[in-house]
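Below is my_file.cif, which holds mmCIF, C-alpha atoms.
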```cif
data_target
#
loop_
_atom_site.label_atom_id
_atom_site.label_comp_id
_atom_site.auth_asym_id
_atom_site.auth_seq_id
_atom_site.Cartn_x
_atom_site.Cartn_y
_atom_site.Cartn_z
CA MET M 269 52.17 224.84 9.47
CA ARG M 270 50.06 227.97 9.30
CA LYS M 271 53.20 230.15 9.27
CA ALA M 272 54.65 228.15 6.42
CA THR M 273 51.41 228.50 4.46
CA GLN M 274 51.32 232.24 5.08
CA ALA M 275 54.93 232.57 3.97
CA SER M 276 54.16 230.59 0.84
CA ARG M 277 51.24 232.88 0.04
CA ALA M 278 53.42 235.92 0.64
CA ARG M 279 55.94 234.65 -1.93
CA LYS M 280 53.33 233.72 -4.49
CA PRO M 281 52.99 237.15 -6.21
CA GLU M 282 56.76 237.30 -6.63
CA ALA M 283 56.80 233.83 -8.18
CA VAL M 284 54.03 234.84 -10.56
CA ALA M 285 55.92 238.00 -11.49
CA ALA M 286 59.11 236.02 -12.11
CA GLY M 287 57.17 233.60 -14.31
CA ALA M 288 55.69 236.48 -16.28
CA VAL M 289 59.15 237.99 -16.83
CA ALA M 290 60.46 234.61 -18.03
CA THR M 291 57.52 234.24 -20.39
CA ASP M 292 58.02 237.75 -21.75
CA ARG M 293 61.73 237.14 -22.29
CA ARG M 294 60.99 233.83 -24.02
CA GLY M 295 58.53 235.56 -26.35
CA GLU M 296 61.06 238.33 -27.00
CA ILE M 297 63.72 235.80 -27.97
CA LEU M 298 61.28 234.09 -30.35
CA GLN M 299 60.46 237.41 -32.05
CA ILE M 300 64.13 238.28 -32.39
CA ALA M 301 64.94 234.82 -33.74
CA ALA M 302 62.10 234.94 -36.27
CA ARG M 303 63.34 238.26 -37.64
CA ARG M 304 66.94 237.10 -37.86
CA PHE M 305 66.14 233.65 -39.31
CA ALA M 306 63.93 235.29 -41.94
CA GLU M 307 66.55 237.86 -42.93
CA TYR M 308 69.82 235.96 -42.63
CA GLY M 309 68.80 232.30 -42.68
CA TYR M 310 68.46 229.75 -39.92
CA GLU M 311 71.76 227.93 -40.37
CA SER M 312 73.72 231.19 -40.69
CA THR M 313 72.38 232.54 -37.41
CA THR M 314 74.24 231.78 -34.18
CA ILE M 315 73.05 231.69 -30.59
CA ARG M 316 75.54 234.48 -29.89
CA GLU M 317 73.82 236.72 -32.44
CA LEU M 318 70.41 236.01 -30.92
CA ALA M 319 71.76 236.83 -27.47
CA ASP M 320 73.37 240.04 -28.72
CA ASP M 321 70.10 241.12 -30.31
CA ALA M 322 68.27 240.36 -27.06
CA LYS M 323 71.04 242.11 -25.05
CA ILE M 324 71.65 239.08 -22.87
CA LEU M 325 74.51 236.64 -22.42
CA SER M 326 74.63 233.66 -24.78
CA GLY M 327 74.19 231.27 -21.88
CA SER M 328 70.95 232.99 -20.92
CA ILE M 329 69.31 231.72 -24.11
CA TYR M 330 69.64 228.20 -22.71
CA HIS M 331 67.57 229.12 -19.67
CA HIS M 332 64.62 229.31 -22.08
CA PHE M 333 65.51 226.90 -24.91
CA ALA M 334 67.59 223.75 -24.92
CA THR M 335 68.78 224.15 -28.53
CA LYS M 336 68.52 226.46 -31.52
CA ASP M 337 66.32 223.81 -33.17
CA GLU M 338 63.85 224.15 -30.30
CA ILE M 339 63.59 227.88 -31.03
CA LEU M 340 62.84 227.11 -34.68
CA HIS M 341 60.19 224.54 -33.72
CA GLU M 342 58.49 227.12 -31.50
CA ILE M 343 58.44 229.65 -34.33
CA VAL M 344 57.16 227.49 -37.17
CA ARG M 345 55.16 224.57 -35.74
CA ASP M 346 51.84 226.22 -34.91
CA ALA M 347 51.99 228.50 -37.95
CA VAL M 348 52.47 225.77 -40.55
CA LEU M 349 49.91 223.44 -38.97
CA ALA M 350 47.31 226.21 -38.71
CA LEU M 351 47.78 227.20 -42.36
CA ARG M 352 47.51 223.54 -43.37
CA ASP M 353 44.23 223.18 -41.48
CA GLU M 354 42.80 226.36 -43.00
CA THR M 355 43.86 225.35 -46.51
CA ILE M 356 42.15 221.99 -46.14
CA ARG M 357 39.03 223.69 -44.75
CA VAL M 358 38.79 225.99 -47.77
CA SER M 359 39.54 223.18 -50.23
CA ARG M 360 36.60 221.18 -48.82
CA ALA M 361 34.15 224.06 -48.52
CA ALA M 362 30.69 223.91 -50.10
CA ALA M 363 31.53 226.36 -52.88
CA ASP M 364 32.47 226.02 -56.52
CA ALA M 365 36.14 225.60 -57.45
CA GLU M 366 36.69 229.16 -58.60
CA HIS M 367 35.37 230.61 -55.34
CA ARG M 368 37.57 228.19 -53.40
CA MET M 369 40.61 229.13 -55.51
CA VAL M 370 40.05 232.83 -54.88
CA ALA M 371 39.48 232.14 -51.17
CA VAL M 372 42.63 230.05 -50.77
CA ILE M 373 44.70 232.75 -52.47
CA LEU M 374 43.21 235.37 -50.15
CA LEU M 375 43.81 233.10 -47.18
CA HIS M 376 47.47 232.53 -48.00
CA LEU M 377 48.21 236.14 -48.88
CA GLY M 378 46.60 237.28 -45.64
CA VAL M 379 48.45 234.79 -43.44
CA LEU M 380 51.82 235.14 -45.21
CA ILE M 381 51.73 238.92 -44.97
CA ARG M 382 50.44 239.04 -41.39
CA ASP M 383 53.11 236.59 -40.16
CA GLN M 384 55.71 237.49 -42.75
CA ASP M 385 58.87 236.46 -40.89
CA VAL M 386 57.52 233.05 -39.91
CA HIS M 387 56.35 232.16 -43.39
CA ALA M 388 59.50 233.54 -45.00
CA ILE M 389 61.39 231.04 -42.85
CA LEU M 390 59.04 228.23 -43.85
CA TYR M 391 59.53 229.04 -47.53
CA ASN M 392 63.24 229.91 -47.55
CA GLU M 393 64.32 227.02 -45.33
CA ARG M 394 62.32 224.31 -47.10
CA LYS M 395 65.49 222.39 -48.04
CA PHE M 396 66.61 222.40 -44.41
CA PHE M 397 63.21 221.13 -43.27
CA ARG M 398 63.25 218.35 -45.87
CA ARG M 399 66.60 216.97 -44.77
CA ASN M 400 65.93 217.10 -41.01
CA PRO M 401 63.67 214.31 -39.72
CA ALA M 402 62.71 216.31 -36.62
CA PHE M 403 61.00 218.82 -38.90
CA GLU M 404 59.19 216.21 -40.99
CA TYR M 405 55.85 217.74 -39.93
CA VAL M 406 56.71 220.87 -41.94
CA ALA M 407 57.14 218.94 -45.19
CA LEU M 408 54.03 216.87 -44.46
CA ALA M 409 51.97 219.99 -43.79
CA ARG M 410 53.23 221.64 -46.98
CA GLY M 411 52.36 218.46 -48.88
CA ASP M 412 48.83 218.49 -47.45
CA MET M 413 48.47 222.14 -48.48
CA TYR M 414 49.62 221.34 -52.00
CA LEU M 415 47.03 218.56 -52.21
CA GLY M 416 44.34 221.01 -51.05
CA TRP M 417 45.28 223.51 -53.76
CA ARG M 418 45.46 220.73 -56.35
CA ALA M 419 42.03 219.37 -55.39
CA ILE M 420 40.55 222.81 -55.98
CA PHE M 421 42.24 223.09 -59.36
CA GLU M 422 41.16 219.62 -60.48
CA ASP M 423 37.57 220.28 -59.33
CA GLY M 424 37.63 223.40 -61.49
CA VAL M 425 38.84 221.41 -64.50
CA ARG M 426 36.06 218.84 -64.04
CA ALA M 427 33.48 221.60 -63.71
CA GLY M 428 34.67 223.30 -66.90
CA GLN M 429 35.86 226.41 -65.01
CA PHE M 430 39.62 225.84 -65.41
CA ARG M 431 41.65 224.79 -68.43
CA ALA M 432 42.13 221.06 -68.88
CA ASP M 433 45.32 221.49 -70.92
CA LEU M 434 47.38 222.79 -67.96
CA ASP M 435 49.63 220.43 -66.05
CA PRO M 436 48.13 220.37 -62.53
CA PHE M 437 51.50 220.14 -60.74
CA LEU M 438 53.05 223.01 -62.67
CA ALA M 439 49.92 225.16 -62.46
CA VAL M 440 49.45 224.74 -58.71
CA SER M 441 53.16 224.99 -57.87
CA THR M 442 53.48 228.18 -59.89
CA ILE M 443 50.49 229.77 -58.15
CA ILE M 444 51.88 228.86 -54.72
CA ARG M 445 55.30 230.31 -55.60
CA MET M 446 53.67 233.45 -56.93
CA VAL M 447 51.70 233.95 -53.74
CA ASN M 448 54.82 233.44 -51.60
CA THR M 449 56.81 235.90 -53.69
CA CYS M 450 54.02 238.44 -53.49
CA ALA M 451 53.92 238.19 -49.70
CA ASP M 452 57.71 238.54 -49.55
CA TRP M 453 57.48 241.98 -51.22
CA PHE M 454 55.21 243.29 -48.55
CA LYS M 455 56.37 246.12 -46.31
CA GLN M 456 54.81 246.48 -42.89
CA ASP M 457 53.47 249.98 -43.60
CA GLY M 458 50.99 248.46 -46.02
CA VAL M 459 52.73 249.62 -49.20
CA TYR M 460 54.72 247.79 -51.85
CA ALA M 461 57.58 250.14 -52.78
CA LEU M 462 59.04 248.77 -55.99
CA GLU M 463 62.03 249.81 -58.10
CA SER M 464 59.66 251.55 -60.50
CA GLY M 465 59.27 254.36 -57.98
CA ARG M 466 55.56 253.68 -57.58
CA ASP M 467 53.83 252.61 -54.38
CA TYR M 468 51.18 249.90 -54.62
CA ARG M 469 48.54 249.45 -51.97
CA LEU M 470 47.96 245.93 -50.70
CA ASP M 471 44.47 245.76 -52.23
CA GLN M 472 45.90 246.61 -55.65
CA VAL M 473 48.44 243.82 -55.42
CA ILE M 474 45.87 241.28 -54.23
CA ASP M 475 43.51 242.19 -57.09
CA PHE M 476 46.38 241.90 -59.57
CA ASN M 477 47.29 238.44 -58.29
CA LEU M 478 43.70 237.22 -58.41
CA ASN M 479 43.20 238.54 -61.94
CA PHE M 480 46.51 237.14 -63.12
CA VAL M 481 45.90 233.66 -61.72
CA LEU M 482 42.33 233.37 -62.94
CA SER M 483 43.25 234.71 -66.39
CA ALA M 484 45.87 231.96 -66.62
CA ILE M 485 43.72 229.04 -65.49
CA ARG M 486 40.17 229.91 -66.60
CA THR M 487 38.75 228.38 -69.75
CA PRO M 488 38.94 230.87 -72.66
CA GLU M 489 35.24 231.70 -72.63
CA ARG M 490 35.41 232.67 -68.95
CA VAL M 491 38.58 234.78 -68.95
CA ALA M 492 36.72 238.10 -68.94
CA ALA M 493 34.31 237.16 -66.13
CA PRO M 494 34.52 239.30 -62.96
CA VAL M 495 36.75 238.07 -60.15
CA PRO M 496 34.51 237.07 -57.23
CA ARG M 497 36.76 238.52 -54.54
CA ALA M 498 34.03 240.05 -52.35
CA GLU M 499 32.05 236.80 -52.25
CA CYS M 500 35.16 234.88 -51.19
CA GLU M 501 36.41 237.12 -48.38
CA ALA M 502 34.28 235.39 -45.75
CA LEU M 503 35.36 231.92 -46.89
CA ALA M 504 39.00 232.97 -46.61
CA ARG M 505 38.60 234.05 -42.99
CA ARG M 506 38.90 231.56 -40.17
CA PRO M 507 35.39 230.78 -38.78
#
```

When written as structure tokens, how does the structure in this file appear?
Amino acid sequence: MRKATQASRARKPEAVAAGAVATDRRGEILQIAARRFAEYGYESTTIRELADDAKILSGSIYHHFATKDEILHEIVRDAVLALRDETIRVSRAAADAEHRMVAVILLHLGVLIRDQDVHAILYNERKFFRRNPAFEYVALARGDMYLGWRAIFEDGVRAGQFRADLDPFLAVSTIIRMVNTCADWFKQDGVYALESGRDYRLDQVIDFNLNFVLSAIRTPERVAAPVPRAECEALARRP
């Protein structure tokens, strides 16, 4: 019995090492899949392409994931649920509507740019998610986020900060699309290189978006007021 126990202990470091290698390979496959799904689309990507990118045989993918859908779940689930939770947190914060609007824009820009591939998939594949019951949680989370944004906007209208003549659905949906498009421009070196030949720093683009949104939704007498970005940075960050 003692010999068996000693043998088991002797094998234990090897088992741990093998588990670490498997975990690393699983994480590598997820990173590769996120990049390819974001660039080429989920449905257009094959298991063979993922295996080729990972420099492994196609069958080896199935040692880590049962299906391609499982890979997609692993990529998007935590990300969309975390952003939903943070959006709701900001929408319910003890701050006026304008500060919450600025904070939720900062929150989304920060998250979408930091995890660009994941959120590009969530945005670009929204039709796929809607028609697949297994991914219902994605649509539900996006719906909860929309309601958070809309609550902020409607609070601002009631408080006399935002225009009452704007359609809430169109206003909020347009802002969300604008933020997603802005994040999609982003290059990982921290610069937006546009066709104009000019490079725009991230801070410039964020300030432009904040000014543009608030100029569109503020009541006329408040359009020229300063944008409270500095005061909202802390609210936008996860506690």

* To do: For the structure shown, which residues end up in the PyMOL selection byres ((chain M and resi 321) around 12)? Put them as a PyMOL selection string, please?
  => chain M and resi 296-304+313-320+322-326+329

* Compile the contact shell of Asp412 in chain M as a PyMOL selection string: residues with an atom at most 12 Å away, counting only C-alpha atoms, same-chain residues fewer than 6 positions apart removed. => chain M and resi 348-357+359+405-406+418-419

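Note that the spacing between CA of Ala493 in chain M and CA of Asn479 in chain M amounts to 9.9 Å.
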
* Kindly resolve the PyMOL selection byres ((chain M and resi 341) around 12) on the present coordinates and return the residues as number ranges by chain. => M: 298, 301-302, 310, 333-340, 342-349, 386, 389-390, 397, 400, 402-406

Serialized selection, C-alpha atoms, as a PDB file, in the frame of the given file:
```pdb
ATOM      1  CA  LEU M 298      61.280 234.090 -30.350  1.00  0.00           C
ATOM      2  CA  ALA M 301      64.940 234.820 -33.740  1.00  0.00           C
ATOM      3  CA  ALA M 302      62.100 234.940 -36.270  1.00  0.00           C
ATOM      4  CA  TYR M 310      68.460 229.750 -39.920  1.00  0.00           C
ATOM      5  CA  PHE M 333      65.510 226.900 -24.910  1.00  0.00           C
ATOM      6  CA  ALA M 334      67.590 223.750 -24.920  1.00  0.00           C
ATOM      7  CA  THR M 335      68.780 224.150 -28.530  1.00  0.00           C
ATOM      8  CA  LYS M 336      68.520 226.460 -31.520  1.00  0.00           C
ATOM      9  CA  ASP M 337      66.320 223.810 -33.170  1.00  0.00           C
ATOM     10  CA  GLU M 338      63.850 224.150 -30.300  1.00  0.00           C
ATOM     11  CA  ILE M 339      63.590 227.880 -31.030  1.00  0.00           C
ATOM     12  CA  LEU M 340      62.840 227.110 -34.680  1.00  0.00           C
ATOM     13  CA  GLU M 342      58.490 227.120 -31.500  1.00  0.00           C
ATOM     14  CA  ILE M 343      58.440 229.650 -34.330  1.00  0.00           C
ATOM     15  CA  VAL M 344      57.160 227.490 -37.170  1.00  0.00           C
ATOM     16  CA  ARG M 345      55.160 224.570 -35.740  1.00  0.00           C
ATOM     17  CA  ASP M 346      51.840 226.220 -34.910  1.00  0.00           C
ATOM     18  CA  ALA M 347      51.990 228.500 -37.950  1.00  0.00           C
ATOM     19  CA  VAL M 348      52.470 225.770 -40.550  1.00  0.00           C
ATOM     20  CA  LEU M 349      49.910 223.440 -38.970  1.00  0.00           C
ATOM     21  CA  VAL M 386      57.520 233.050 -39.910  1.00  0.00           C
ATOM     22  CA  ILE M 389      61.390 231.040 -42.850  1.00  0.00           C
ATOM     23  CA  LEU M 390      59.040 228.230 -43.850  1.00  0.00           C
ATOM     24  CA  PHE M 397      63.210 221.130 -43.270  1.00  0.00           C
ATOM     25  CA  ASN M 400      65.930 217.100 -41.010  1.00  0.00           C
ATOM     26  CA  ALA M 402      62.710 216.310 -36.620  1.00  0.00           C
ATOM     27  CA  PHE M 403      61.000 218.820 -38.900  1.00  0.00           C
ATOM     28  CA  GLU M 404      59.190 216.210 -40.990  1.00  0.00           C
ATOM     29  CA  TYR M 405      55.850 217.740 -39.930  1.00  0.00           C
ATOM     30  CA  VAL M 406      56.710 220.870 -41.940  1.00  0.00           C
TER      31      VAL M 406
END
```

* **Output of the PyMOL selection byres ((chain M and resi 376-379) around 8), listed as a count of residues only** => 15

* To do: Could you tell me how far CA of Val491 in chain M lies from CA of Ile444 in chain M, in Å and to one decimal?
  => 20.4 Å

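The space between CA of Arg294 in chain M and CA of His332 in chain M spans 6.1 Å.
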
As lines of an AutoDock Vina configuration file, please: the centre and edge lengths in Å, to one decimal, of an axis-aligned box enclosing every listed atom of range 424-439 of chain M with 4 Å added on each side.
```
center_x = 43.3
center_y = 222.6
center_z = -65.8
size_x = 27.6
size_y = 15.6
size_z = 18.2
```

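When all atoms listed in the file are used to measure the gap to Val481 in chain M, the shortest distance among M:Val425, M:Arg399, M:Glu393, M:Glu366 belongs to M:Glu366.
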
* To do: Choose the residue, out of M:Ala484, M:Ala498, M:Ala492, M:Ala306, that has the smallest atom-to-atom separation from Ala432 in chain M; count all atoms listed in the file.
  => M:Ala484

* Asked: Residues at most 10 Å from Cys500 in chain M, counting all atoms listed in the file, excluding those fewer than 3 positions away in the same chain, as number ranges by chain?
  -> M: 363, 366-375, 495-497, 503-505

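Nearest to Arg426 in chain M of all the residues M:Val358, M:Val473, M:Ala365, M:Ala502 is M:Ala365, based on all atoms listed in the file.
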
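Shortest atom-to-atom contact with Phe430 in chain M among M:Asp452, M:Lys395, M:Pro488, M:Thr442: M:Pro488, counting only C-alpha atoms.
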
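Closest approach to Arg293 in chain M among M:Ser328, M:Phe437, M:Gly428, M:Arg445 is made by M:Ser328 (distances from all atoms listed in the file).
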
* To do: Rank M:Asn392, M:Thr449, M:Gln429, M:Ser312 by their smallest atom-to-atom distance to Leu482 in chain M, using only C-alpha atoms, and report the top residue only.
  => M:Gln429
